[in-house]
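Structure file model_24.txt (compact mmCIF, C-alpha atoms) follows.
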# COMPACT_ATOMS: atom_id res chain seq x y z
CA MET A 62 -0.12 131.91 118.22
CA ILE A 63 0.50 129.06 120.65
CA LEU A 64 2.11 129.70 123.97
CA GLY A 65 4.14 127.01 125.60
CA VAL A 66 7.04 124.64 125.89
CA ILE A 67 8.29 122.26 123.25
CA LEU A 68 7.49 118.91 124.80
CA VAL A 69 6.35 115.84 122.84
CA GLY A 70 5.12 118.06 120.03
CA SER A 71 2.89 120.27 122.21
CA PHE A 72 3.23 123.89 123.34
CA LEU A 73 2.53 125.14 126.88
CA THR A 74 3.43 128.06 129.10
CA CYS A 75 6.10 126.76 131.42
CA VAL A 76 7.85 127.63 134.65
CA ARG A 77 11.57 127.11 135.02
CA ALA A 78 12.02 128.09 138.63
CA GLU A 79 9.98 129.40 141.51
CA GLY A 80 8.66 132.88 140.76
CA VAL A 81 9.77 133.00 137.12
CA ALA A 82 8.46 131.43 133.94
CA ASP A 83 9.78 130.70 130.49
CA VAL A 84 7.37 131.67 127.72
CA VAL A 85 7.72 130.09 124.30
CA LEU A 86 6.14 131.94 121.39
CA SER A 87 5.46 130.69 117.89
CA CYS A 88 6.84 133.46 115.67
CA THR A 89 7.73 134.32 112.10
CA LEU A 90 11.18 135.30 110.83
CA VAL A 91 10.62 138.01 108.22
CA GLU A 92 13.32 138.58 105.61
CA GLU A 93 13.46 140.68 102.50
CA GLY A 94 13.37 138.33 99.53
CA VAL A 95 16.54 138.40 97.45
CA GLY A 96 15.67 139.09 93.83
CA MET A 97 11.95 139.11 94.64
CA VAL A 98 10.33 142.35 93.55
CA GLY A 99 6.60 142.89 93.32
CA MET A 100 4.29 145.70 92.27
CA GLY A 101 4.83 147.55 95.57
CA GLY A 102 8.60 146.93 95.81
CA ALA A 103 10.56 144.19 97.55
CA LEU A 104 8.72 141.08 98.69
CA PHE A 105 9.37 139.31 101.98
CA THR A 106 9.88 135.71 102.93
CA ARG A 107 8.41 134.30 106.13
CA THR A 108 9.94 131.37 107.99
CA PRO A 109 8.55 129.74 111.14
CA ALA A 110 10.62 130.50 114.24
CA THR A 111 10.37 130.04 118.00
CA LEU A 112 11.12 132.61 120.66
CA VAL A 113 11.87 131.54 124.25
CA LEU A 114 11.60 134.37 126.79
CA LYS A 115 13.52 133.28 129.89
CA ASP A 116 12.73 134.27 133.47
CA ILE A 117 9.48 136.19 133.05
CA SER A 118 8.34 137.23 136.53
CA VAL A 119 5.24 135.51 137.90
CA ALA A 120 2.99 137.14 140.50
CA ALA A 121 3.55 135.83 144.03
CA ASP A 122 -0.12 134.88 144.45
CA GLU A 123 -0.20 132.83 141.26
CA SER A 124 -0.11 129.03 141.44
CA LEU A 125 2.75 127.36 139.59
CA GLU A 126 1.71 123.75 140.21
CA THR A 127 0.34 123.11 136.73
CA TYR A 128 3.38 124.41 134.84
CA THR A 129 6.03 122.19 133.28
CA PRO A 130 9.75 123.10 133.05
CA PHE A 131 11.00 124.15 129.63
CA VAL A 132 12.69 121.34 127.73
CA PRO A 133 14.69 122.13 124.57
CA PRO A 134 14.72 119.67 121.65
CA SER A 135 16.38 116.41 122.66
CA VAL A 136 18.36 116.43 119.40
CA PRO A 137 19.58 119.88 118.28
CA ASP A 138 18.40 120.69 114.75
CA PRO A 139 20.38 123.33 112.79
CA ASP A 140 17.33 123.89 110.57
CA LEU A 141 15.19 125.10 113.48
CA ILE A 142 15.19 128.81 114.29
CA LEU A 143 14.98 128.80 118.08
CA LEU A 144 15.94 132.05 119.81
CA GLU A 145 16.55 131.83 123.56
CA VAL A 146 16.22 135.30 125.10
CA LYS A 147 17.60 136.36 128.45
CA VAL A 148 15.23 139.01 129.83
CA SER A 149 16.14 138.93 133.54
CA SER A 150 18.35 142.01 133.22
CA LEU A 151 15.68 144.02 131.38
CA GLU A 152 12.10 143.45 132.49
CA ILE A 153 9.45 143.59 129.77
CA PRO A 154 6.56 145.82 130.93
CA ASN A 155 3.27 143.93 131.33
CA ALA A 156 4.93 140.66 130.34
CA ASP A 157 2.29 138.81 132.35
CA VAL A 158 0.00 139.38 129.36
CA LEU A 159 2.13 136.88 127.46
CA LEU A 160 1.88 134.36 130.31
CA HIS A 161 -1.91 134.34 130.23
CA ALA A 162 -2.69 135.07 126.58
CA ASP A 163 -3.36 131.45 125.64
CA CYS A 164 -5.68 130.86 128.61
CA ASN A 165 -7.52 134.12 127.83
CA GLU A 166 -7.88 133.11 124.16
CA GLN A 167 -5.83 136.10 123.06
CA GLU A 168 -3.61 136.01 120.00
CA VAL A 169 0.00 137.09 120.35
CA MET A 170 1.56 138.44 117.16
CA CYS A 171 5.30 137.78 117.02
CA GLU A 172 7.63 138.79 114.20
CA ILE A 173 11.43 138.54 114.17
CA SER A 174 13.77 140.27 111.75
CA SER A 175 17.49 140.82 111.46
CA TYR A 176 18.59 144.22 112.70
CA THR A 177 21.62 146.35 111.88
CA PRO A 178 22.46 149.19 114.29
CA TYR A 179 22.93 152.48 112.49
CA GLY A 180 26.55 152.91 111.39
CA SER A 181 27.71 149.55 112.78
CA GLN A 182 30.24 147.35 111.00
CA GLU A 183 28.97 144.13 109.41
CA SER A 184 32.09 142.34 110.68
CA SER A 185 30.93 142.78 114.31
CA ASP A 186 31.05 139.56 116.34
CA ALA A 187 27.50 140.12 117.65
CA ALA A 188 24.34 139.80 115.57
CA TYR A 189 21.15 141.70 116.29
CA PHE A 190 17.44 141.00 115.92
CA MET A 191 14.29 143.05 116.31
CA VAL A 192 11.26 141.30 117.80
CA SER A 193 7.78 142.82 117.56
CA LEU A 194 5.27 141.47 120.08
CA SER A 195 1.65 142.58 120.35
CA VAL A 196 -1.64 141.42 121.84
CA GLU A 197 -4.41 143.44 120.21
CA GLU A 198 -7.13 142.58 122.72
CA VAL A 199 -5.32 144.30 125.62
CA GLY A 200 -3.27 146.93 123.79
CA PHE A 201 0.05 145.26 124.64
CA SER A 202 2.86 146.09 122.22
CA THR A 203 6.64 146.07 122.54
CA SER A 204 9.66 146.05 120.24
CA LEU A 205 12.74 144.24 121.55
CA ILE A 206 16.29 144.63 120.29
CA LEU A 207 18.21 141.40 120.86
CA GLN A 208 21.96 140.89 120.79
CA THR A 209 23.52 137.46 120.43
CA LEU A 210 25.66 136.16 123.28
CA GLY A 211 29.06 134.62 122.78
CA VAL A 212 29.18 130.84 122.40
CA GLN A 213 32.33 128.77 122.88
CA THR A 214 32.77 126.99 119.60
CA ASP A 215 34.64 123.85 118.59
CA GLN A 216 34.36 121.31 115.81
CA SER A 217 31.14 119.93 117.25
CA THR A 218 29.36 123.32 117.40
CA LEU A 219 26.30 123.46 115.20
CA VAL A 220 25.62 126.48 113.01
CA GLN A 221 22.05 127.57 112.24
CA ASN A 222 21.65 126.87 108.54
CA LYS A 223 19.62 129.95 107.58
CA LEU A 224 21.23 132.55 109.83
CA GLY A 225 24.79 131.21 109.82
CA LEU A 226 25.16 131.74 113.58
CA PRO A 227 26.60 129.29 116.13
CA LEU A 228 24.09 127.46 118.34
CA SER A 229 24.31 126.52 121.98
CA GLN A 230 24.69 122.87 122.99
CA SER A 231 20.89 122.66 123.31
CA GLY A 232 20.42 123.94 119.75
CA THR A 233 19.24 127.44 120.65
CA LEU A 234 20.53 130.81 119.51
CA LEU A 235 21.48 132.60 122.75
CA THR A 236 20.49 136.28 122.92
CA GLU A 237 19.70 138.99 125.45
CA VAL A 238 17.44 142.04 125.38
CA ILE A 239 19.51 145.20 125.26
CA PHE A 240 16.78 147.75 124.46
CA LEU A 241 13.01 147.91 124.12
CA VAL A 242 10.28 150.42 123.25
CA PHE A 243 6.72 149.77 124.37
CA THR A 244 3.22 151.20 124.58
CA HIS A 245 0.30 150.29 126.84
CA ILE A 246 -2.33 151.76 124.49
CA LYS A 247 -2.11 151.14 120.75
CA SER A 248 -5.34 152.94 119.86
CA VAL A 249 -6.93 155.91 121.60
CA SER A 250 -9.99 158.07 120.96
CA ALA A 251 -10.18 161.68 122.15
CA HIS A 252 -12.71 164.46 121.76
CA LEU A 253 -12.30 167.37 119.38
CA ARG A 254 -10.76 170.40 121.13
CA GLY A 255 -9.77 168.15 124.05
CA ASP A 256 -6.35 166.86 125.17
CA VAL A 257 -4.80 163.41 124.76
CA LEU A 258 -1.76 161.49 125.99
CA LEU A 259 -0.08 159.12 123.51
CA ASN A 260 1.72 156.44 125.53
CA CYS A 261 5.31 155.43 124.70
CA GLY A 262 8.19 154.27 126.89
CA PHE A 263 11.63 152.68 126.62
CA LYS A 264 14.09 150.64 128.64
CA GLN A 265 17.73 149.66 128.27
CA GLN A 266 20.21 147.59 130.21
CA GLU A 267 21.42 148.57 133.68
CA VAL A 268 24.71 149.45 132.00
CA PRO A 269 23.20 151.80 129.39
CA LEU A 270 24.21 151.67 125.77
CA THR A 271 24.64 155.43 125.94
CA GLN A 272 23.47 158.40 127.98
CA GLU A 273 22.21 160.23 124.90
CA VAL A 274 18.58 159.68 123.95
CA GLY A 275 16.69 160.93 120.93
CA ILE A 276 12.89 160.92 120.68
CA GLU A 277 10.88 161.61 117.55
CA TRP A 278 7.12 161.64 117.07
CA ARG A 279 5.72 161.55 113.53
CA LEU A 280 2.17 161.56 112.17
CA GLN A 281 1.12 159.49 109.17
CA HIS A 282 -2.35 159.99 107.69
CA ARG A 283 -3.80 159.25 104.26
CA GLY A 284 -0.41 158.73 102.65
CA LYS A 285 1.15 161.87 104.05
CA GLY A 286 3.63 162.18 106.91
CA ARG A 287 5.01 165.00 109.02
CA LYS A 288 7.19 165.43 112.08
CA VAL A 289 5.31 166.50 115.20
CA LEU A 290 8.07 166.70 117.83
CA GLU A 291 11.78 165.96 118.20
CA MET A 292 13.80 165.87 121.42
CA THR A 293 17.37 165.08 122.39
CA THR A 294 18.50 164.77 126.01
CA ARG A 295 20.89 162.92 128.29
CA LEU A 296 19.85 160.39 130.91
CA ASP A 297 22.57 161.60 133.28
CA ASP A 298 21.44 165.22 133.03
CA ALA A 299 19.44 165.88 136.19
CA GLU A 300 18.87 169.49 135.13
CA GLY A 301 16.92 168.28 132.09
CA SER A 302 18.55 170.58 129.55
CA ALA A 303 16.75 168.90 126.67
CA VAL A 304 16.68 170.29 123.15
CA VAL A 305 13.11 170.20 121.83
CA HIS A 306 11.76 171.13 118.42
CA THR A 307 8.00 171.07 117.88
CA GLU A 308 6.16 171.32 114.57
CA ARG A 309 2.71 171.20 116.17
CA THR A 310 1.69 173.84 118.69
CA GLY A 311 0.50 172.22 121.90
CA SER A 312 2.64 169.06 121.62
CA ASN A 313 4.88 168.19 124.54
CA VAL A 314 7.12 165.43 125.93
CA ASP A 315 8.17 165.81 129.56
CA SER A 316 11.98 165.66 129.52
CA ALA A 317 12.08 165.03 133.27
CA LEU A 318 10.01 161.84 132.83
CA VAL A 319 12.23 160.80 129.93
CA VAL A 320 15.26 160.94 132.22
CA SER A 321 13.68 159.50 135.38
CA GLU A 322 11.30 156.87 134.00
CA GLY A 323 12.06 156.33 130.31
CA ASN A 324 8.66 157.85 129.60
CA ALA A 325 8.54 159.29 126.07
CA SER A 326 4.76 159.81 126.01
CA MET A 327 3.49 162.88 124.12
CA THR A 328 0.65 165.19 125.09
CA LEU A 329 -1.44 166.96 122.45
CA THR A 330 -3.73 169.82 123.51
CA LYS A 331 -6.72 171.43 121.75
CA LEU A 332 -7.16 168.57 119.31
CA LYS A 333 -8.20 169.22 115.74
CA VAL A 334 -9.55 166.81 113.16
CA SER A 335 -6.20 167.17 111.34
CA ASP A 336 -4.48 165.59 114.37
CA GLU A 337 -6.11 162.24 113.64
CA GLY A 338 -3.92 159.47 112.23
CA THR A 339 -1.12 157.04 113.02
CA TYR A 340 1.61 158.32 115.33
CA ILE A 341 5.08 156.76 115.30
CA CYS A 342 7.16 157.07 118.46
CA THR A 343 10.85 156.41 117.71
CA VAL A 344 13.40 156.26 120.52
CA SER A 345 17.13 156.19 119.71
CA VAL A 346 19.99 155.38 122.08
CA GLY A 347 23.35 155.54 120.39
CA LEU A 348 23.29 153.30 117.31
CA ILE A 349 20.09 151.54 118.39
CA ASN A 350 16.52 152.64 117.79
CA ALA A 351 13.05 151.10 117.97
CA GLN A 352 9.54 152.42 117.62
CA GLN A 353 5.90 151.98 118.49
CA VAL A 354 2.77 152.88 116.53
CA ILE A 355 -0.26 154.47 118.20
CA HIS A 356 -3.52 155.24 116.39
CA LEU A 357 -5.37 158.42 117.36
CA HIS A 358 -9.07 158.84 116.53
CA VAL A 359 -10.54 162.31 116.97
CA ILE A 360 -14.24 162.09 117.81
CA GLN A 361 -17.10 164.51 118.37
CA PRO A 362 -20.66 163.41 119.18
CA PRO A 363 -23.47 164.91 117.09
CA HIS A 364 -25.86 167.56 118.35
CA VAL A 365 -29.31 166.22 117.50
CA SER A 366 -32.49 168.30 117.10
CA LEU A 367 -35.98 167.99 115.61
CA SER A 368 -37.62 170.61 113.43
CA GLU A 369 -40.86 170.53 115.47
CA GLU A 370 -41.55 170.52 119.21
CA THR A 371 -45.15 169.45 118.60
CA LEU A 372 -46.50 167.79 115.47
CA VAL A 373 -50.01 168.72 114.32
CA LEU A 374 -50.80 166.83 111.15
CA ASN A 375 -52.49 168.32 108.13
CA ALA A 376 -55.79 166.58 107.45
CA LYS A 377 -55.29 166.45 103.69
CA SER A 378 -51.52 166.29 102.98
CA PRO A 379 -48.37 164.79 104.57
CA THR A 380 -46.38 166.81 107.09
CA THR A 381 -42.57 166.93 106.97
CA LEU A 382 -40.59 166.28 110.14
CA SER A 383 -36.83 166.82 110.04
CA CYS A 384 -34.08 165.43 112.27
CA HIS A 385 -30.77 167.29 112.24
CA CYS A 386 -27.35 165.89 113.27
CA ALA A 387 -24.79 168.65 113.54
CA LYS A 388 -21.02 169.01 114.05
CA TYR A 389 -19.96 165.37 114.48
CA HIS A 390 -16.84 163.36 113.64
CA PRO A 391 -16.03 160.87 112.15
CA LEU A 392 -18.30 160.83 109.12
CA ASP A 393 -20.26 157.61 109.66
CA VAL A 394 -23.60 158.23 111.35
CA GLN A 395 -26.83 156.26 111.27
CA MET A 396 -30.26 157.92 111.49
CA GLU A 397 -33.41 155.84 111.97
CA TRP A 398 -37.07 156.79 112.29
CA LEU A 399 -39.25 154.82 114.71
CA SER A 400 -42.89 155.07 115.75
CA LEU A 401 -44.64 154.08 118.96
CA SER A 402 -48.45 154.08 118.82
CA PRO A 403 -50.56 154.42 121.98
CA THR A 404 -51.41 150.71 121.76
CA ASP A 405 -47.80 149.46 121.35
CA THR A 406 -45.18 148.78 124.03
CA GLU A 407 -42.11 148.82 121.77
CA PRO A 408 -41.28 151.22 118.94
CA SER A 409 -41.08 149.87 115.40
CA PRO A 410 -39.25 151.24 112.33
CA PHE A 411 -41.16 153.56 110.06
CA PRO A 412 -42.06 151.87 106.73
CA HIS A 413 -40.38 154.74 104.90
CA GLN A 414 -37.18 156.06 106.46
CA GLY A 415 -37.33 159.48 104.86
CA ALA A 416 -34.84 161.29 102.67
CA LEU A 417 -31.28 162.07 103.70
CA SER A 418 -29.60 165.32 102.80
CA SER A 419 -26.03 165.34 101.53
CA HIS A 420 -23.24 165.48 104.12
CA ARG A 421 -22.07 168.99 104.90
CA GLN A 422 -18.47 169.46 106.05
CA HIS A 423 -17.59 172.44 108.21
CA GLY A 424 -14.37 174.38 108.48
CA ASP A 425 -13.29 172.48 111.61
CA GLY A 426 -13.60 169.14 109.78
CA THR A 427 -16.87 168.07 111.42
CA TYR A 428 -19.98 167.02 109.48
CA SER A 429 -23.73 167.61 109.54
CA LEU A 430 -26.59 165.56 108.10
CA SER A 431 -30.39 165.83 108.06
CA SER A 432 -33.16 163.31 107.53
CA HIS A 433 -36.61 164.44 106.38
CA LEU A 434 -39.61 162.22 107.17
CA SER A 435 -42.97 162.60 105.45
CA VAL A 436 -45.70 161.85 108.01
CA SER A 437 -49.08 160.93 106.49
CA PRO A 438 -52.34 162.29 107.92
CA ASP A 439 -53.55 158.80 108.89
CA VAL A 440 -51.00 158.43 111.71
CA SER A 441 -52.92 158.01 114.94
CA PRO A 442 -52.93 160.93 117.39
CA GLY A 443 -50.78 160.16 120.41
CA THR A 444 -48.24 158.30 118.33
CA LYS A 445 -44.68 159.06 119.33
CA ILE A 446 -42.29 159.61 116.38
CA ILE A 447 -38.66 158.97 117.31
CA CYS A 448 -35.43 159.94 115.58
CA LYS A 449 -32.68 157.53 116.69
CA VAL A 450 -29.06 158.48 116.01
CA THR A 451 -26.11 156.08 116.28
CA HIS A 452 -22.51 157.36 116.14
CA SER A 453 -19.13 156.07 117.33
CA ALA A 454 -18.67 159.12 119.61
CA LEU A 455 -21.89 158.29 121.49
CA GLU A 456 -21.76 155.76 124.31
CA ALA A 457 -25.32 154.73 123.39
CA PRO A 458 -27.73 155.70 120.60
CA LEU A 459 -29.38 159.08 121.11
CA SER A 460 -33.14 159.43 120.58
CA LEU A 461 -35.42 162.48 120.30
CA SER A 462 -39.20 162.22 119.94
CA VAL A 463 -42.33 164.22 119.23
CA VAL A 464 -45.97 163.24 119.86
CA VAL A 465 -48.54 163.49 117.05
CA GLU A 466 -51.49 165.70 117.96
CA SER A 467 -55.00 165.51 116.45
CA PRO A 468 -55.30 167.40 113.16
CA GLN A 469 -57.51 170.46 113.13
CA PRO A 470 -60.33 170.07 110.55
CA ALA A 471 -60.07 172.42 107.63
CA SER A 472 -63.82 173.45 107.98
CA TYR A 473 -63.08 174.84 111.45
CA TRP A 474 -60.64 177.35 110.06
CA TRP A 475 -63.08 178.37 107.27
CA PHE A 476 -65.86 178.90 109.80
CA LEU A 477 -63.58 180.90 112.09
CA GLY A 478 -62.45 183.10 109.22
CA PHE A 479 -66.01 183.67 108.01
CA LEU A 480 -67.11 184.61 111.55
CA ILE A 481 -64.32 187.19 111.91
CA VAL A 482 -65.10 188.76 108.53
CA THR A 483 -68.85 188.93 109.37
CA VAL A 484 -68.21 190.60 112.72
CA LEU A 485 -65.95 193.18 111.12
CA PHE A 486 -68.54 193.89 108.41
CA PHE A 487 -71.37 194.56 110.89
CA TYR A 488 -69.05 196.64 113.03
CA GLN A 489 -68.27 198.93 110.09
CA CYS A 490 -71.97 199.19 109.19
CA ILE A 491 -72.91 200.24 112.73
CA ARG A 492 -70.21 202.92 112.75
CA GLN A 493 -71.48 204.40 109.45
CA VAL A 494 -75.09 204.55 110.75
CA ARG A 495 -73.96 206.55 113.77
Can the structure in the file be given as structure tokens, please?
Amino acid sequence: MILGVILVGSFLTCVRAEGVADVVLSCTLVEEGVGMVGMGGALFTRTPATLVLKDISVAADESLETYTPFVPPSVPDPDLILLEVKVSSLEIPNADVLLHADCNEQEVMCEISSYTPYGSQESSDAAYFMVSLSVEEVGFSTSLILQTLGVQTDQSTLVQNKLGLPLSQSGTLLTEVIFLVFTHIKSVSAHLRGDVLLNCGFKQQEVPLTQEVGIEWRLQHRGKGRKVLEMTTRLDDAEGSAVVHTERTGSNVDSALVVSEGNASMTLTKLKVSDEGTYICTVSVGLINAQQVIHLHVIQPPHVSLSEETLVLNAKSPTTLSCHCAKYHPLDVQMEWLSLSPTDTEPSPFPHQGALSSHRQHGDGTYSLSSHLSVSPDVSPGTKIICKVTHSALEAPLSLSVVVESPQPASYWWFLGFLIVTVLFFYQCIRQVR
């Protein structure tokens, strides 16, 4: 993605007036291909398009000296898809991310598609588009619903060749944002049996499309989907008499925040492994709806233990040392054996990394795994043997260690046993003499 202004073939972020900026995004118009059907269903065509967001607010302490005013094409081209979007009446949350994405080497994903409000008539004078904007590096994501603005037409008015819509005198398709749904966090990790907040919000024009709002949260995971929560309420209802239906115990959307702030975020309590997956937040106002996708990862760090607190080697045969990782999630875990001899300053991997057990899954969805290391008798006393465990739920790898102690010679135990037997024998003899 390139951020900027069309000017002598280059793209830049540009400022149109003091305190506001116009941001031009290189996008893709996505359309369902007519007569194009593939293995997975309908195919889609992708056409280059440009989106101009007008009047994005700029922070007061930010310098505007290096910005250049937006300049449309000098000669309008009906083949170009150039959408000019009025956003001054509906502020895009965190839009400053778009202003600085190019400088921060962040990629902005921008897709545009035609949109038909539910139950609307195709003969309507206005046309609608949905725009999906996201910046993965910072979790920015928003879906805009655009409505075309009226253009005075005459014989000289150009019509966009692909969309069949009248263009402004500068060759742009004039639109305004009438509704948007956004999230500040597209992916979140939370601990098993903990609580989590899945962020989702919405905005509409100062003159609302309707006072009735519907919110639906769904979970998709491994090809299966289910409804988690559904709510209907009115934005003019200060009493908050919302109708809520929950399929998952411990799920909640605060109806008061929906009314006062457009906050449709959902709380989940006492998380289970089965709560993990892709959540879809859909907000509907009248005939219009848009959605955001949030990924939830349920994590649990492993409990790590060693089979021995001290390790006394056998003088003649290897000794087995086990490292156990218990009750962790997700599945992927890495176990590594290291050794640190008394003469070394840094541990080094064991030549043989031992044998792994099979993964064991518990009733709560967590896993356990063990690694068994065979320690030969020739390992030097004082050597520290380390089990290092790496897992996504750990902030840093976790290590446990045991120090090798000197082996007890086998002859010592034979001598001790012989001495005990001899003492007992003479003791019995003395008793019989008496």
- Shell around segment 198-209 of chain A at 8 Å using all atoms listed in the file, local window under 4 positions removed, as a VMD selection string: chain A and resid 146 155 158 167 to 168 176 187 to 194 234 to 248 351 to 353
Selected residues written out with C-alpha atoms, as a PDB file, in the frame of the given file:
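So again-v8.pdb came out as:
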ATOM      1  CA  VAL A 146      16.220 135.300 125.100  1.00  0.00           C
ATOM      2  CA  ASN A 155       3.270 143.930 131.330  1.00  0.00           C
ATOM      3  CA  VAL A 158       0.000 139.380 129.360  1.00  0.00           C
ATOM      4  CA  GLN A 167      -5.830 136.100 123.060  1.00  0.00           C
ATOM      5  CA  GLU A 168      -3.610 136.010 120.000  1.00  0.00           C
ATOM      6  CA  TYR A 176      18.590 144.220 112.700  1.00  0.00           C
ATOM      7  CA  ALA A 187      27.500 140.120 117.650  1.00  0.00           C
ATOM      8  CA  ALA A 188      24.340 139.800 115.570  1.00  0.00           C
ATOM      9  CA  TYR A 189      21.150 141.700 116.290  1.00  0.00           C
ATOM     10  CA  PHE A 190      17.440 141.000 115.920  1.00  0.00           C
ATOM     11  CA  MET A 191      14.290 143.050 116.310  1.00  0.00           C
ATOM     12  CA  VAL A 192      11.260 141.300 117.800  1.00  0.00           C
ATOM     13  CA  SER A 193       7.780 142.820 117.560  1.00  0.00           C
ATOM     14  CA  LEU A 194       5.270 141.470 120.080  1.00  0.00           C
ATOM     15  CA  LEU A 234      20.530 130.810 119.510  1.00  0.00           C
ATOM     16  CA  LEU A 235      21.480 132.600 122.750  1.00  0.00           C
ATOM     17  CA  THR A 236      20.490 136.280 122.920  1.00  0.00           C
ATOM     18  CA  GLU A 237      19.700 138.990 125.450  1.00  0.00           C
ATOM     19  CA  VAL A 238      17.440 142.040 125.380  1.00  0.00           C
ATOM     20  CA  ILE A 239      19.510 145.200 125.260  1.00  0.00           C
ATOM     21  CA  PHE A 240      16.780 147.750 124.460  1.00  0.00           C
ATOM     22  CA  LEU A 241      13.010 147.910 124.120  1.00  0.00           C
ATOM     23  CA  VAL A 242      10.280 150.420 123.250  1.00  0.00           C
ATOM     24  CA  PHE A 243       6.720 149.770 124.370  1.00  0.00           C
ATOM     25  CA  THR A 244       3.220 151.200 124.580  1.00  0.00           C
ATOM     26  CA  HIS A 245       0.300 150.290 126.840  1.00  0.00           C
ATOM     27  CA  ILE A 246      -2.330 151.760 124.490  1.00  0.00           C
ATOM     28  CA  LYS A 247      -2.110 151.140 120.750  1.00  0.00           C
ATOM     29  CA  SER A 248      -5.340 152.940 119.860  1.00  0.00           C
ATOM     30  CA  ALA A 351      13.050 151.100 117.970  1.00  0.00           C
ATOM     31  CA  GLN A 352       9.540 152.420 117.620  1.00  0.00           C
ATOM     32  CA  GLN A 353       5.900 151.980 118.490  1.00  0.00           C
TER      33      GLN A 353
END
- Message: Ranking A:Leu357, A:Val305, A:Val450, A:Val346 by minimum distance to Cys386 of chain A and counting only C-alpha atoms, which one comes first?
- Response: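 Of all the options, A:Val450 lies closest to Cys386 of chain A.
Those residues that approach Pro109 of chain A to within 12 Å, counting all atoms listed in the file, are Met62, Leu86, Ser87, Cys88, Thr89, Leu90, Val91, Glu92, Asp140, Leu141, Ile142, Leu143, Leu144, Cys171, Glu172, Ile173, Ser174 and Lys223 of chain A; same-chain residues fewer than 6 positions away are not listed.
Put simply, atom CA of Glu152 of chain A is 13.1 Å away from atom CA of Asp83 of chain A.
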- Item | Distance query Pro139 of chain A at most 12 Å, only C-alpha atoms, self and fewer than 5 positions along chain excluded, as a list in words |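 Non-adjacent residues within range: Pro134, Thr218, Leu219, Val220, Gln221, Asn222, Lys223, Leu224, Gly225, Leu226, Pro227, Leu228, Ser229, Gln230, Ser231, Gly232, Thr233 and Leu234 of chain A.
Environment of (-48.3, 155.9, 110.1): residues at most 9 Å away, judged by all atoms listed in the file, are Ser400, Ser402, Phe411, Pro412, Val436, Ser437, Pro438, Asp439, Val440, Ser441 and Thr444 of chain A.
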- Query: Do you know which residues are at most 9 Å from Glu397 of chain A counting only C-alpha atoms, after dropping those on the same chain fewer than 3 positions away, and could you put them as a PyMOL selection string?
  - Reply: chain A and resi 410-411+414-415+432+447-451
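Taking atom CA of Ser435 of chain A and atom CA of Leu382 of chain A as endpoints, the distance between them is 6.4 Å.
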- Message: Excluding Ile349 of chain A and its own-chain neighbours fewer than 5 positions away, which residues fall within 9 Å of it when counting all atoms listed in the file? Please give them as a PyMOL selection string.
- Response: chain A and resi 177-179+206+240+270+344
- Item | Selected residue of minimal separation from Ser326 of chain A among A:Val81, A:Leu258, A:Ile276, A:Ala162, counting all atoms listed in the file | A:Leu258
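Separating atom CA of Val289 of chain A from atom CA of His306 of chain A is a distance of 8.6 Å.
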- Item | Of the listed residues A:Glu337, A:Asp138, A:Leu151, A:Arg421, that which approaches Pro269 of chain A most closely, counting all atoms listed in the file | A:Leu151
